[in-house]
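Take a look at the structure set out below.
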Amino acid sequence: MDARPKIIYLPDTMIDWPWPRTINPHYEDVKIEVDALIRDTKALSPESLAAFDRANTGSAYFLFLEEYTNISSGAVVQEIVDIGIDVLHNPHKIRPEDECIVGEILRRFWARAIQTASLSCQRHFIETFPAYLHGVAAEVLDRGQVHRHSIDAFLKLRRHTVGLQPCLFIHELEMNLPDEVFYHPVIMNLSECITDLVLIDNDMISYNKEQAAENRDEDHNLISIVMSELGLDIGGAMAWIAHHHAGVRKRFIDGLATVPSWGPSVDILVKKYLDGIAMWPRGNHSWMYEVHRYFPATGMSPEIQQARLVPLLPRPDSEAV
């Protein structure tokens, strides 16, 4: 018998975040184009395609890759890693007909992106995207392992697997940020804060769905890691992580006041870049409640977002944590 609580309380981590929810004016047009690309590939199963539709997002490649790797072996995922790295360095190379379709999808994306992305922006993506791919491969290898990561070790891995770092390149697409700016410790710290805020909210909101999954995705979820290491129940882990989230938010806000000056022309770019990445926690948080990927497709998401209460889904094996 499952002795766990029947209701999960989801803390409102974004209630005092200064950046409000906004919609990109190009969203609808881009989404139509992206949806058509994914369907044209005919690479997703009906179940995965339905999951993609429920996601309702323009960040298609990462969700596509997630759906693909969730059902793939470690060997297949490692092949995808190698393909992805090759694509980044050879965006105009014709992909082999028998190659995994994710290579061609990435090639189309990257060939288009480099038409407008600055050279420094391209270089940053080529650094962060392989790190994401290697993280996904490590996550797949972790499946079925008896041990669990420590909280610190898990956060180091999760910062890659959440897939945010490669996405941040869109905020410097037309910029030529000097290395001494982009890699400055203050800027790197702010970027890590944003990554942590996104991964924490992602794992809190997605925990219910993942703990009920057949493949026990919860083993790669911060809630489960905290429960295991600190001996907490679900509610205790949610409270601990919400407190940690508040500390990261403060670290980001305080960090903004310590950003150095590199002269008026560069400072304008830095402010634009930091404002851009600061929108991600808000956008991610709003998106997760407004789609049917993490909650039942019954229109419950707005009610859950207001009440912060969600029924705990049963596990397939009905075992307690």
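How things are named: the first chain in the structure tokens is A, the next is B, and so on; residues count from 1 in each chain; ligands count from 1 in the order shown.
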Can you build me a table of region 199-309 of chain A residues sitting at most 7 Å from region 178-193 of chain A, with the closest atom pair per residue and its distance in Å to one decimal, using only C-alpha atoms, sorted by chain and residue number, as a tab-separated table?
```
residue	atom	partner	partner_atom	distance
A:Val248	CA	A:Cys193	CA	5.9
A:Phe252	CA	A:Leu190	CA	5.6
A:Gly255	CA	A:Leu190	CA	6.6
A:Val259	CA	A:Val186	CA	6.2
```
Could you write out the selected residues, including C-alpha atoms, as a PDB file, in the first residue's frame?
```pdb
ATOM      1  CA  VAL A 248      19.568  31.604  -5.385  1.00  0.00           C
ATOM      2  CA  PHE A 252      21.151  36.788  -8.529  1.00  0.00           C
ATOM      3  CA  GLY A 255      24.933  39.895  -8.028  1.00  0.00           C
ATOM      4  CA  VAL A 259      28.435  43.811 -12.373  1.00  0.00           C
TER       5      VAL A 259
END
```
Got a sec: who's within 6 Å of region 105-110 of chain A, counting only C-alpha atoms, leaving out chain neighbours fewer than 2 positions off, as a PDB file with N, CA, C and O atoms, in the first residue's frame?
```pdb
ATOM      1  N   VAL A  87      27.706  17.817 -36.225  1.00  0.00           N
ATOM      2  CA  VAL A  87      26.830  18.785 -36.900  1.00  0.00           C
ATOM      3  C   VAL A  87      27.267  20.210 -36.597  1.00  0.00           C
ATOM      4  O   VAL A  87      27.290  21.071 -37.493  1.00  0.00           O
ATOM      5  N   PRO A  91      27.966  22.241 -40.321  1.00  0.00           N
ATOM      6  CA  PRO A  91      26.526  22.498 -40.488  1.00  0.00           C
ATOM      7  C   PRO A  91      26.012  22.350 -41.916  1.00  0.00           C
ATOM      8  O   PRO A  91      24.795  22.258 -42.117  1.00  0.00           O
ATOM      9  N   VAL A 102      17.783  13.061 -35.469  1.00  0.00           N
ATOM     10  CA  VAL A 102      18.085  14.240 -34.655  1.00  0.00           C
ATOM     11  C   VAL A 102      19.275  15.020 -35.224  1.00  0.00           C
ATOM     12  O   VAL A 102      19.390  16.226 -35.009  1.00  0.00           O
ATOM     13  N   GLY A 103      20.150  14.328 -35.973  1.00  0.00           N
ATOM     14  CA  GLY A 103      21.271  15.019 -36.594  1.00  0.00           C
ATOM     15  C   GLY A 103      20.820  16.005 -37.649  1.00  0.00           C
ATOM     16  O   GLY A 103      21.284  17.150 -37.692  1.00  0.00           O
ATOM     17  N   ARG A 112      20.765  27.514 -39.960  1.00  0.00           N
ATOM     18  CA  ARG A 112      19.968  28.747 -39.977  1.00  0.00           C
ATOM     19  C   ARG A 112      20.471  29.744 -38.939  1.00  0.00           C
ATOM     20  O   ARG A 112      20.538  30.946 -39.201  1.00  0.00           O
ATOM     21  N   ALA A 113      20.834  29.245 -37.758  1.00  0.00           N
ATOM     22  CA  ALA A 113      21.256  30.128 -36.674  1.00  0.00           C
ATOM     23  C   ALA A 113      22.530  30.891 -37.024  1.00  0.00           C
ATOM     24  O   ALA A 113      22.656  32.080 -36.716  1.00  0.00           O
TER      25      ALA A 113
END
```
Asn208 (chain A) environment, 7 Å, only C-alpha atoms, sequence neighbours closer than 2 positions dropped, as a list in words = Ser206, Glu210, Gln211, Ala212, Leu312 and Leu313 of chain A
Keeping only C-alpha atoms, write the selected residues to a file as a PDB file, in the first residue's frame.
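See again35.pdb below for the written result:
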```
ATOM      1  CA  SER A 206       7.680  17.774 -12.883  1.00  0.00           C
ATOM      2  CA  GLU A 210       8.172  11.635 -13.119  1.00  0.00           C
ATOM      3  CA  GLN A 211       7.643   9.624  -9.929  1.00  0.00           C
ATOM      4  CA  ALA A 212       4.621   7.996 -11.582  1.00  0.00           C
ATOM      5  CA  LEU A 312      -0.100  12.753  -5.996  1.00  0.00           C
ATOM      6  CA  LEU A 313      -0.230  10.379  -8.948  1.00  0.00           C
TER       7      LEU A 313
END
```
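Counting only C-alpha atoms, the residue from A:His220, A:Asp82, A:Lys209, A:Ala137 that sits nearest to Pro311 (chain A) is A:Lys209.
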Please provide as number ranges by chain all residues within 10 Å of region 9-19 of chain A, with the sequence filter that same-chain residues fewer than 4 positions apart are discarded (counting only C-alpha atoms).
-> A: 197, 200-201, 204-205, 234-235, 238-239, 241-243, 245-246, 249-250, 253, 275-276, 278-283, 285-286, 304-312
Just write the chosen residues, N, CA, C and O atoms, as a short mmCIF file (atom, residue, chain, number, x, y, z; two decimals), in the first residue's frame.
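Output saved as out_29.cif:
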```
data_model
loop_
_atom_site.label_atom_id
_atom_site.label_comp_id
_atom_site.auth_asym_id
_atom_site.auth_seq_id
_atom_site.Cartn_x
_atom_site.Cartn_y
_atom_site.Cartn_z
N LEU A 197 17.74 28.31 -10.92
CA LEU A 197 16.32 28.65 -10.71
C LEU A 197 15.43 27.84 -11.65
O LEU A 197 14.38 27.32 -11.25
N ILE A 200 15.47 24.03 -10.65
CA ILE A 200 14.74 23.78 -9.41
C ILE A 200 13.23 23.79 -9.67
O ILE A 200 12.50 22.88 -9.26
N ASP A 201 12.74 24.83 -10.34
CA ASP A 201 11.31 24.88 -10.65
C ASP A 201 10.90 23.70 -11.53
O ASP A 201 9.82 23.11 -11.33
N MET A 204 10.69 20.59 -9.28
CA MET A 204 9.57 20.64 -8.34
C MET A 204 8.24 20.35 -9.05
O MET A 204 7.44 19.55 -8.59
N ILE A 205 8.04 21.00 -10.18
CA ILE A 205 6.76 20.88 -10.88
C ILE A 205 6.63 19.54 -11.60
O ILE A 205 5.55 18.97 -11.68
N ILE A 234 8.17 14.10 0.90
CA ILE A 234 7.97 14.98 -0.25
C ILE A 234 7.78 16.42 0.19
O ILE A 234 8.41 17.34 -0.35
N GLY A 235 6.92 16.65 1.19
CA GLY A 235 6.67 18.01 1.66
C GLY A 235 7.92 18.66 2.21
O GLY A 235 8.20 19.85 1.96
N MET A 238 10.22 19.57 -0.69
CA MET A 238 9.71 20.76 -1.40
C MET A 238 10.05 22.02 -0.62
O MET A 238 10.49 23.03 -1.20
N ALA A 239 9.89 21.99 0.69
CA ALA A 239 10.18 23.17 1.52
C ALA A 239 11.67 23.48 1.51
O ALA A 239 12.07 24.65 1.41
N ILE A 241 13.88 22.75 -0.81
CA ILE A 241 14.29 23.24 -2.13
C ILE A 241 13.75 24.64 -2.38
O ILE A 241 14.42 25.47 -3.00
N ALA A 242 12.53 24.94 -1.89
CA ALA A 242 11.99 26.29 -2.03
C ALA A 242 12.87 27.30 -1.30
O ALA A 242 13.10 28.42 -1.79
N HIS A 243 13.36 26.91 -0.13
CA HIS A 243 14.27 27.78 0.62
C HIS A 243 15.58 27.98 -0.15
O HIS A 243 16.11 29.11 -0.21
N HIS A 245 15.89 27.81 -3.37
CA HIS A 245 15.50 28.64 -4.51
C HIS A 245 15.52 30.12 -4.11
O HIS A 245 16.03 30.97 -4.86
N ALA A 246 15.00 30.42 -2.94
CA ALA A 246 14.98 31.81 -2.46
C ALA A 246 16.40 32.34 -2.30
O ALA A 246 16.68 33.51 -2.62
N ARG A 249 17.71 33.14 -5.77
CA ARG A 249 17.11 34.39 -6.26
C ARG A 249 17.84 35.59 -5.67
O ARG A 249 18.15 36.55 -6.37
N LYS A 250 18.08 35.55 -4.37
CA LYS A 250 18.77 36.66 -3.70
C LYS A 250 20.19 36.80 -4.25
O LYS A 250 20.69 37.93 -4.44
N ILE A 253 19.91 38.68 -7.61
CA ILE A 253 19.59 40.10 -7.44
C ILE A 253 20.78 40.85 -6.86
O ILE A 253 21.14 41.94 -7.33
N ASP A 275 19.12 41.08 -18.73
CA ASP A 275 17.66 41.16 -18.70
C ASP A 275 17.03 39.99 -19.46
O ASP A 275 16.00 39.45 -19.06
N GLY A 276 17.68 39.62 -20.56
CA GLY A 276 17.17 38.51 -21.35
C GLY A 276 17.20 37.20 -20.59
O GLY A 276 16.20 36.47 -20.53
N ALA A 278 17.35 36.79 -17.46
CA ALA A 278 16.51 36.86 -16.25
C ALA A 278 15.05 36.54 -16.55
O ALA A 278 14.28 36.24 -15.62
N MET A 279 14.65 36.57 -17.81
CA MET A 279 13.28 36.21 -18.18
C MET A 279 13.06 34.70 -18.15
O MET A 279 11.92 34.24 -18.07
N TRP A 280 14.13 33.92 -18.20
CA TRP A 280 13.97 32.47 -18.30
C TRP A 280 13.27 31.84 -17.10
O TRP A 280 12.37 31.00 -17.28
N PRO A 281 13.63 32.17 -15.86
CA PRO A 281 12.90 31.55 -14.74
C PRO A 281 11.40 31.84 -14.78
O PRO A 281 10.59 30.96 -14.52
N ARG A 282 11.05 33.09 -15.11
CA ARG A 282 9.63 33.42 -15.21
C ARG A 282 8.97 32.66 -16.35
O ARG A 282 7.89 32.07 -16.19
N GLY A 283 9.60 32.68 -17.52
CA GLY A 283 9.03 32.01 -18.67
C GLY A 283 8.87 30.52 -18.44
O GLY A 283 7.84 29.92 -18.77
N HIS A 285 8.67 28.90 -15.54
CA HIS A 285 7.67 28.67 -14.50
C HIS A 285 6.25 28.81 -15.06
O HIS A 285 5.38 27.95 -14.81
N SER A 286 6.01 29.87 -15.83
CA SER A 286 4.68 30.08 -16.41
C SER A 286 4.34 28.98 -17.41
O SER A 286 3.22 28.43 -17.40
N ILE A 304 -4.36 24.70 -10.16
CA ILE A 304 -3.20 24.23 -9.43
C ILE A 304 -2.23 25.38 -9.17
O ILE A 304 -1.68 25.52 -8.08
N GLN A 305 -2.03 26.23 -10.17
CA GLN A 305 -1.11 27.36 -10.00
C GLN A 305 -1.60 28.30 -8.91
O GLN A 305 -0.80 28.91 -8.20
N GLN A 306 -2.91 28.43 -8.75
CA GLN A 306 -3.46 29.32 -7.74
C GLN A 306 -3.47 28.67 -6.36
O GLN A 306 -3.05 29.27 -5.37
N ALA A 307 -3.93 27.43 -6.28
CA ALA A 307 -4.05 26.76 -5.00
C ALA A 307 -2.75 26.12 -4.54
O ALA A 307 -2.57 25.85 -3.35
N ARG A 308 -1.84 25.84 -5.48
CA ARG A 308 -0.54 25.23 -5.21
C ARG A 308 -0.66 23.78 -4.75
O ARG A 308 0.30 23.23 -4.21
N LEU A 309 -1.80 23.15 -4.95
CA LEU A 309 -2.02 21.78 -4.51
C LEU A 309 -2.29 20.88 -5.70
O LEU A 309 -3.06 21.23 -6.60
N VAL A 310 -1.64 19.72 -5.73
CA VAL A 310 -1.81 18.78 -6.83
C VAL A 310 -1.92 17.37 -6.26
O VAL A 310 -1.17 16.99 -5.36
N PRO A 311 -2.89 16.57 -6.73
CA PRO A 311 -3.00 15.19 -6.26
C PRO A 311 -1.77 14.37 -6.65
O PRO A 311 -1.29 14.46 -7.78
N LEU A 312 -1.25 13.60 -5.72
CA LEU A 312 -0.10 12.75 -6.00
C LEU A 312 -0.53 11.59 -6.89
O LEU A 312 -1.46 10.85 -6.55
#
```
DSSP helix (DSSP H, G or I) selection over region 75-270 of chain A, as a PyMOL selection string | chain A and resi 75-89+101-113+119-142+151-161+164-172+179-182+185-211+217-220+222-230+234-256+264-270
Would you please work out which residue, of A:Val81, A:Ile151, A:Ile94, A:Ile225, is nearest to Gly135 (chain A) when using only C-alpha atoms?
->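 Among A:Val81, A:Ile151, A:Ile94, A:Ile225, it is A:Val81 that comes nearest to Gly135 (chain A).
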Which one of A:Leu274, A:Ile126, A:Val34, A:Leu133 sits closest to Ile83 (chain A) if you count only C-alpha atoms?
->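 Looking only at the distances to Ile83 (chain A), the closest residue turns out to be A:Leu133.
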Could you name the residues that touch Gly236 (chain A) at 10 Å or less, counting only C-alpha atoms, but leaving out those on the same chain fewer than 4 positions away, as a list in words?
->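 Non-adjacent residues within range: Ile223, Val226, Met227, Leu230, Gly231, Leu232, Trp240, Ile241 and Ala242 of chain A.
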Choose the residue, out of A:Cys100, A:Glu303, A:Leu119, A:Phe129, that has the smallest atom-to-atom separation from Ile85 (chain A); count only C-alpha atoms.
->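 Using only C-alpha atoms, Ile85 (chain A) sits closest to A:Phe129.
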Just the residues within 10 Å of region 120-123 of chain A, please, counting only C-alpha atoms, with nothing from its chain fewer than 5 positions along; format it as a VMD selection string.
-> chain A and resid 88 110 113 to 114 128 168 to 179 182
Restricting the calculation to only C-alpha atoms, which member of A:Val77, A:Leu65, A:Ala153, A:Ile23 is positioned closest to Leu222 (chain A)?
->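 Smallest separation from Leu222 (chain A) among the options: A:Ala153.
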